[in-house]
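Peer 1: Quick one: the structure is below, questions incoming.
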Amino acid sequence: MRVAILIAPAGFRDETVSITKKILEKWGVETIITSYTSKNCMGNHGAVYKPFNTSQLIPLDYDGIILADGPGVEQFKLYDLRQLHDLLMMFIQSNKLVAGVGNAIKIIARTNMIQNMKIANTKDQDTNHLVKLFKGVITNSALESDKNIVTLGDSELIYEFADTIVSKLGIK
């Protein structure tokens with residue numbers, strides 16, 4: 001099993017990446033950190049990752065992709081990157097796992113592939129608005145799993161999110 005974790009070039013939420021990566025690797029899932037840069041990426045609290053360039057990512061080589069949250073999603077407008085939408089659509093159409101946390105759910109919404117799907121409620125009204133705009137169904141839950149899409153609206157549930165991903169991958 002291989003999963004890519006997409007981060008912004010700066011301003012990603014360190015805890016989302018480190019905890020998810022740690023739990024997945026504990027279950028034998030190979031994780032790679034990816035971003036649309038080849039330069040070191042720095043998180044909100046100083047974590048630094050040397051990413052694999054997302055433009056070279058081949059969905060067939062991975063079982064899923066996880067989109068990390070944080071102010072970098074907004075700063076770099078990741079939700080507007082057409083090549084990222086296309087990449088996520090390939091994962092979704094191949095029935096591979098696509099997961100997003102917090103404001104990174106905007107990226108999933110912008111793929112226009114969430115119609116009538118349950119999406120986690122976030123504290124961010126812009127994210128919730130975008131989900132509704134693209135016909136997703138916002139639930140009262142902070143963690144949702146619908147078909148091959150997993151969304152987390154409250155990062156306090158990051159351990160449950162990682163466990164859900166492990167289950168969706170069929171490991172647990």
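Residue numbering restarts at 1 in every chain; chains get A, B, ... in the order shown in the structure tokens, and ligands count up from 1 in that same order.
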What parts of range 12-158 of chain A does DSSP call alpha helix (DSSP H)? I'd like the answer as JSON, numbers by chain.

Peer 2: {"A": [14, 15, 16, 17, 18, 19, 20, 21, 22, 23, 24, 25, 26, 71, 72, 73, 74, 75, 82, 83, 84, 85, 86, 87, 88, 89, 90, 91, 92, 93, 105, 106, 107, 108, 109, 125, 126, 127, 128, 129, 130, 131, 132, 133, 158]}

Peer 1: Write out the residues from the selection above, keeping N, CA and C atoms, as a CSV table (one decimal), in the first residue's frame.

Peer 2:
chain,number,residue,atom,x,y,z
A,14,ASP,N,1.2,20.9,10.6
A,14,ASP,CA,2.2,19.9,10.9
A,14,ASP,C,1.6,18.6,11.5
A,15,GLU,N,0.7,18.8,12.4
A,15,GLU,CA,0.1,17.7,13.1
A,15,GLU,C,-0.7,16.8,12.2
A,16,THR,N,-1.4,17.4,11.2
A,16,THR,CA,-2.2,16.6,10.3
A,16,THR,C,-1.2,15.6,9.6
A,17,VAL,N,-0.1,16.2,9.1
A,17,VAL,CA,0.8,15.4,8.4
A,17,VAL,C,1.5,14.3,9.2
A,18,SER,N,2.1,14.8,10.4
A,18,SER,CA,2.9,13.8,11.2
A,18,SER,C,2.1,12.7,11.8
A,19,ILE,N,0.9,13.0,12.3
A,19,ILE,CA,0.1,12.0,13.0
A,19,ILE,C,-0.5,11.0,11.9
A,20,THR,N,-1.0,11.5,10.8
A,20,THR,CA,-1.5,10.6,9.8
A,20,THR,C,-0.4,9.7,9.2
A,21,LYS,N,0.7,10.3,8.9
A,21,LYS,CA,1.9,9.6,8.4
A,21,LYS,C,2.3,8.5,9.4
A,22,LYS,N,2.4,8.8,10.7
A,22,LYS,CA,2.8,7.9,11.7
A,22,LYS,C,1.9,6.7,11.8
A,23,ILE,N,0.6,7.0,11.8
A,23,ILE,CA,-0.4,5.9,12.0
A,23,ILE,C,-0.4,5.0,10.7
A,24,LEU,N,-0.4,5.6,9.5
A,24,LEU,CA,-0.4,4.8,8.3
A,24,LEU,C,0.9,3.9,8.3
A,25,GLU,N,2.0,4.5,8.6
A,25,GLU,CA,3.3,3.7,8.5
A,25,GLU,C,3.3,2.6,9.6
A,26,LYS,N,2.6,2.8,10.7
A,26,LYS,CA,2.5,1.8,11.8
A,26,LYS,C,1.7,0.6,11.2
A,71,PRO,N,-3.1,27.1,6.6
A,71,PRO,CA,-3.2,28.4,5.9
A,71,PRO,C,-2.6,28.4,4.5
A,72,GLY,N,-1.7,27.5,4.3
A,72,GLY,CA,-1.0,27.4,3.0
A,72,GLY,C,-2.0,27.0,1.9
A,73,VAL,N,-3.1,26.3,2.2
A,73,VAL,CA,-4.1,26.0,1.2
A,73,VAL,C,-4.7,27.3,0.6
A,74,GLU,N,-4.9,28.2,1.5
A,74,GLU,CA,-5.4,29.5,1.1
A,74,GLU,C,-4.3,30.4,0.4
A,75,GLN,N,-3.2,30.4,1.1
A,75,GLN,CA,-2.1,31.2,0.6
A,75,GLN,C,-1.7,30.9,-0.8
A,82,ARG,N,-5.8,23.6,-11.5
A,82,ARG,CA,-6.5,22.7,-12.4
A,82,ARG,C,-5.8,21.4,-12.4
A,83,GLN,N,-4.5,21.3,-12.5
A,83,GLN,CA,-3.8,20.0,-12.5
A,83,GLN,C,-4.0,19.2,-11.3
A,84,LEU,N,-4.3,19.9,-10.1
A,84,LEU,CA,-4.6,19.1,-8.9
A,84,LEU,C,-6.0,18.6,-9.0
A,85,HIS,N,-7.0,19.3,-9.5
A,85,HIS,CA,-8.3,18.8,-9.7
A,85,HIS,C,-8.3,17.6,-10.6
A,86,ASP,N,-7.5,17.7,-11.7
A,86,ASP,CA,-7.4,16.5,-12.7
A,86,ASP,C,-6.8,15.3,-12.0
A,87,LEU,N,-5.8,15.5,-11.1
A,87,LEU,CA,-5.2,14.4,-10.4
A,87,LEU,C,-6.2,13.8,-9.5
A,88,LEU,N,-6.9,14.6,-8.7
A,88,LEU,CA,-7.9,14.0,-7.8
A,88,LEU,C,-9.0,13.3,-8.5
A,89,MET,N,-9.5,13.8,-9.7
A,89,MET,CA,-10.5,13.2,-10.5
A,89,MET,C,-10.0,11.8,-10.9
A,90,MET,N,-8.7,11.6,-11.2
A,90,MET,CA,-8.2,10.3,-11.6
A,90,MET,C,-8.2,9.4,-10.4
A,91,PHE,N,-7.9,9.9,-9.2
A,91,PHE,CA,-8.0,9.0,-8.0
A,91,PHE,C,-9.5,8.6,-7.8
A,92,ILE,N,-10.4,9.6,-7.8
A,92,ILE,CA,-11.8,9.3,-7.6
A,92,ILE,C,-12.4,8.3,-8.6
A,93,GLN,N,-12.1,8.6,-9.9
A,93,GLN,CA,-12.6,7.7,-10.9
A,93,GLN,C,-12.0,6.3,-10.9
A,105,ILE,N,-10.6,20.5,2.2
A,105,ILE,CA,-11.8,19.9,1.6
A,105,ILE,C,-12.3,20.7,0.4
A,106,LYS,N,-11.9,22.0,0.4
A,106,LYS,CA,-12.2,22.9,-0.7
A,106,LYS,C,-11.7,22.3,-2.0
A,107,ILE,N,-10.5,21.7,-2.0
A,107,ILE,CA,-9.8,21.2,-3.1
A,107,ILE,C,-10.7,20.0,-3.7
A,108,ILE,N,-11.1,19.2,-2.8
A,108,ILE,CA,-12.0,18.0,-3.2
A,108,ILE,C,-13.3,18.6,-3.8
A,109,ALA,N,-13.9,19.6,-3.2
A,109,ALA,CA,-15.1,20.1,-3.7
A,109,ALA,C,-15.0,20.6,-5.1
A,125,GLN,N,-16.6,28.6,7.2
A,125,GLN,CA,-17.8,28.8,6.5
A,125,GLN,C,-17.5,28.8,4.9
A,126,ASP,N,-16.3,29.3,4.5
A,126,ASP,CA,-16.0,29.3,3.1
A,126,ASP,C,-15.9,27.9,2.5
A,127,THR,N,-15.4,27.0,3.3
A,127,THR,CA,-15.3,25.6,2.9
A,127,THR,C,-16.7,25.0,2.8
A,128,ASN,N,-17.5,25.2,3.8
A,128,ASN,CA,-18.8,24.7,3.8
A,128,ASN,C,-19.7,25.3,2.6
A,129,HIS,N,-19.5,26.5,2.4
A,129,HIS,CA,-20.2,27.2,1.2
A,129,HIS,C,-19.8,26.5,-0.1
A,130,LEU,N,-18.5,26.3,-0.3
A,130,LEU,CA,-18.0,25.7,-1.5
A,130,LEU,C,-18.5,24.2,-1.7
A,131,VAL,N,-18.6,23.5,-0.6
A,131,VAL,CA,-19.1,22.1,-0.6
A,131,VAL,C,-20.6,22.2,-1.1
A,132,LYS,N,-21.4,23.1,-0.5
A,132,LYS,CA,-22.8,23.2,-0.9
A,132,LYS,C,-22.9,23.6,-2.4
A,133,LEU,N,-22.0,24.6,-2.8
A,133,LEU,CA,-22.0,25.0,-4.2
A,133,LEU,C,-21.8,23.9,-5.2
A,158,ILE,N,-8.1,13.8,14.5
A,158,ILE,CA,-7.1,13.4,13.5
A,158,ILE,C,-6.8,11.9,13.7

Peer 1: Please extract the residues of range 7-144 of chain A with a backbone DSSP assignment of strand (DSSP E) and present them as a list of chain:residue names.

Peer 2: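 Of range 7-144 of chain A, only A:Glu30, A:Thr31, A:Ile32, A:Ile33, A:Thr34, A:Ser35, A:Cys41, A:Met42, A:Val48, A:Tyr49, A:Phe52, A:Asn53, A:Gly64, A:Ile65, A:Ile66, A:Leu67, A:Leu97, A:Val98, A:Ala99, A:Gly100, A:Val101, A:Lys118, A:Ile119, A:Val137, A:Ile138, A:Leu143, A:Glu144 fall in strand (DSSP E).
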
Peer 1: For the residues in that selection, give me N, CA and C atoms as an mmCIF file, in the first residue's frame.

Peer 2:
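Saved as part_38.cif:
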data_model
loop_
_atom_site.group_PDB
_atom_site.id
_atom_site.type_symbol
_atom_site.label_atom_id
_atom_site.label_comp_id
_atom_site.auth_asym_id
_atom_site.auth_seq_id
_atom_site.Cartn_x
_atom_site.Cartn_y
_atom_site.Cartn_z
ATOM 1 N N GLU A 30 3.157 2.662 2.997
ATOM 2 C CA GLU A 30 4.244 3.555 2.593
ATOM 3 C C GLU A 30 3.635 4.925 2.286
ATOM 4 N N THR A 31 4.187 5.972 2.880
ATOM 5 C CA THR A 31 3.677 7.321 2.627
ATOM 6 C C THR A 31 4.758 8.167 1.970
ATOM 7 N N ILE A 32 4.331 9.008 1.057
ATOM 8 C CA ILE A 32 5.244 9.992 0.491
ATOM 9 C C ILE A 32 4.593 11.360 0.658
ATOM 10 N N ILE A 33 5.431 12.338 0.918
ATOM 11 C CA ILE A 33 4.963 13.712 1.024
ATOM 12 C C ILE A 33 5.137 14.344 -0.342
ATOM 13 N N THR A 34 4.093 14.996 -0.826
ATOM 14 C CA THR A 34 4.127 15.587 -2.158
ATOM 15 C C THR A 34 3.632 17.029 -2.112
ATOM 16 N N SER A 35 4.170 17.846 -3.012
ATOM 17 C CA SER A 35 3.763 19.242 -3.135
ATOM 18 C C SER A 35 4.099 19.707 -4.539
ATOM 19 N N CYS A 41 9.463 22.210 2.140
ATOM 20 C CA CYS A 41 8.197 22.814 2.557
ATOM 21 C C CYS A 41 8.186 22.918 4.079
ATOM 22 N N MET A 42 7.752 24.074 4.590
ATOM 23 C CA MET A 42 7.742 24.279 6.038
ATOM 24 C C MET A 42 6.321 24.441 6.553
ATOM 25 N N VAL A 48 9.674 20.411 8.513
ATOM 26 C CA VAL A 48 10.180 20.604 7.160
ATOM 27 C C VAL A 48 10.195 19.251 6.443
ATOM 28 N N TYR A 49 9.638 19.238 5.235
ATOM 29 C CA TYR A 49 9.636 18.033 4.411
ATOM 30 C C TYR A 49 10.209 18.369 3.040
ATOM 31 N N PHE A 52 8.126 15.107 -2.841
ATOM 32 C CA PHE A 52 8.129 14.587 -4.204
ATOM 33 C C PHE A 52 7.231 15.543 -4.985
ATOM 34 N N ASN A 53 7.627 15.946 -6.187
ATOM 35 C CA ASN A 53 6.849 16.916 -6.948
ATOM 36 C C ASN A 53 5.544 16.275 -7.441
ATOM 37 N N GLY A 64 -4.098 5.917 -2.580
ATOM 38 C CA GLY A 64 -4.870 7.059 -2.120
ATOM 39 C C GLY A 64 -4.035 8.311 -2.011
ATOM 40 N N ILE A 65 -4.728 9.416 -1.788
ATOM 41 C CA ILE A 65 -4.087 10.711 -1.580
ATOM 42 C C ILE A 65 -4.817 11.423 -0.449
ATOM 43 N N ILE A 66 -4.035 12.062 0.409
ATOM 44 C CA ILE A 66 -4.566 12.796 1.558
ATOM 45 C C ILE A 66 -4.145 14.247 1.392
ATOM 46 N N LEU A 67 -5.085 15.166 1.578
ATOM 47 C CA LEU A 67 -4.825 16.589 1.424
ATOM 48 C C LEU A 67 -4.765 17.238 2.804
ATOM 49 N N LEU A 97 -8.737 6.008 -2.695
ATOM 50 C CA LEU A 97 -9.022 6.880 -1.568
ATOM 51 C C LEU A 97 -8.604 8.328 -1.848
ATOM 52 N N VAL A 98 -9.504 9.256 -1.532
ATOM 53 C CA VAL A 98 -9.205 10.686 -1.537
ATOM 54 C C VAL A 98 -9.688 11.210 -0.194
ATOM 55 N N ALA A 99 -8.787 11.834 0.562
ATOM 56 C CA ALA A 99 -9.138 12.319 1.893
ATOM 57 C C ALA A 99 -8.682 13.757 2.050
ATOM 58 N N GLY A 100 -9.471 14.541 2.758
ATOM 59 C CA GLY A 100 -9.128 15.937 2.988
ATOM 60 C C GLY A 100 -9.459 16.353 4.402
ATOM 61 N N VAL A 101 -8.657 17.287 4.903
ATOM 62 C CA VAL A 101 -8.828 17.798 6.260
ATOM 63 C C VAL A 101 -9.102 19.300 6.197
ATOM 64 N N LYS A 118 -21.761 12.694 1.251
ATOM 65 C CA LYS A 118 -21.665 13.234 2.602
ATOM 66 C C LYS A 118 -20.259 13.794 2.812
ATOM 67 N N ILE A 119 -20.213 15.039 3.285
ATOM 68 C CA ILE A 119 -18.948 15.724 3.539
ATOM 69 C C ILE A 119 -18.990 16.251 4.972
ATOM 70 N N VAL A 137 -23.206 17.187 0.425
ATOM 71 C CA VAL A 137 -24.147 17.227 1.544
ATOM 72 C C VAL A 137 -23.345 17.344 2.835
ATOM 73 N N ILE A 138 -23.383 18.510 3.445
ATOM 74 C CA ILE A 138 -22.675 18.714 4.705
ATOM 75 C C ILE A 138 -23.484 18.086 5.827
ATOM 76 N N LEU A 143 -16.402 14.052 10.993
ATOM 77 C CA LEU A 143 -15.678 13.033 10.225
ATOM 78 C C LEU A 143 -16.686 12.279 9.373
ATOM 79 N N GLU A 144 -16.452 12.263 8.062
ATOM 80 C CA GLU A 144 -17.359 11.569 7.155
ATOM 81 C C GLU A 144 -16.593 10.681 6.186
#

Peer 1: Pick the closest to Leu6 in chain A from A:Asp146, A:Asp124, A:Glu160, A:Asp69: which is it, counting only C-alpha atoms?

Peer 2: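 For Leu6 in chain A, the nearest of the candidates is A:Asp69.
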
Peer 1: Hey, what's within 10 Å of Ser141 in chain A if we count only C-alpha atoms and toss same-chain stuff fewer than 4 positions away? As a PyMOL selection string, please?

Peer 2: chain A and resi 118-122+151-154

Peer 1: Just N, CA and C atoms for this one: save the residues we selected as a PDB file, in the first residue's frame.

Peer 2:
ATOM      1  N   LYS A 118     -21.761  12.694   1.251  1.00  0.00           N
ATOM      2  CA  LYS A 118     -21.665  13.234   2.602  1.00  0.00           C
ATOM      3  C   LYS A 118     -20.259  13.794   2.812  1.00  0.00           C
ATOM      4  N   ILE A 119     -20.213  15.039   3.285  1.00  0.00           N
ATOM      5  CA  ILE A 119     -18.948  15.724   3.539  1.00  0.00           C
ATOM      6  C   ILE A 119     -18.990  16.251   4.972  1.00  0.00           C
ATOM      7  N   ALA A 120     -17.865  16.141   5.679  1.00  0.00           N
ATOM      8  CA  ALA A 120     -17.793  16.576   7.074  1.00  0.00           C
ATOM      9  C   ALA A 120     -18.041  18.078   7.210  1.00  0.00           C
ATOM     10  N   ASN A 121     -18.665  18.442   8.285  1.00  0.00           N
ATOM     11  CA  ASN A 121     -18.890  19.844   8.612  1.00  0.00           C
ATOM     12  C   ASN A 121     -17.587  20.446   9.134  1.00  0.00           C
ATOM     13  N   THR A 122     -17.207  21.593   8.621  1.00  0.00           N
ATOM     14  CA  THR A 122     -15.986  22.254   9.087  1.00  0.00           C
ATOM     15  C   THR A 122     -16.346  23.527   9.848  1.00  0.00           C
ATOM     16  N   THR A 151     -13.550  12.824   4.698  1.00  0.00           N
ATOM     17  CA  THR A 151     -13.327  14.227   5.038  1.00  0.00           C
ATOM     18  C   THR A 151     -13.358  14.409   6.551  1.00  0.00           C
ATOM     19  N   LEU A 152     -12.500  15.305   7.006  1.00  0.00           N
ATOM     20  CA  LEU A 152     -12.398  15.626   8.431  1.00  0.00           C
ATOM     21  C   LEU A 152     -12.533  17.129   8.603  1.00  0.00           C
ATOM     22  N   GLY A 153     -13.549  17.550   9.327  1.00  0.00           N
ATOM     23  CA  GLY A 153     -13.783  18.971   9.545  1.00  0.00           C
ATOM     24  C   GLY A 153     -13.130  19.519  10.789  1.00  0.00           C
ATOM     25  N   ASP A 154     -12.810  18.663  11.738  1.00  0.00           N
ATOM     26  CA  ASP A 154     -12.238  19.098  13.016  1.00  0.00           C
ATOM     27  C   ASP A 154     -10.968  18.305  13.276  1.00  0.00           C
TER      28      ASP A 154
END

Peer 1: Select, from A:Gly70, A:Gly170, A:Pro59, A:Gly102, the residue with the minimum atom-to-atom distance to Arg13 in chain A, counting only C-alpha atoms.

Peer 2: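 Among the listed residues, the smallest separation from Arg13 in chain A belongs to A:Gly70.
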
Peer 1: Let me make sure I understand: among A:Asp80, A:Ala8, A:Gln115, A:Ser145, which one has the smallest atom-to-atom distance to Ala162 in chain A if we use only C-alpha atoms?

Peer 2: A:Ser145
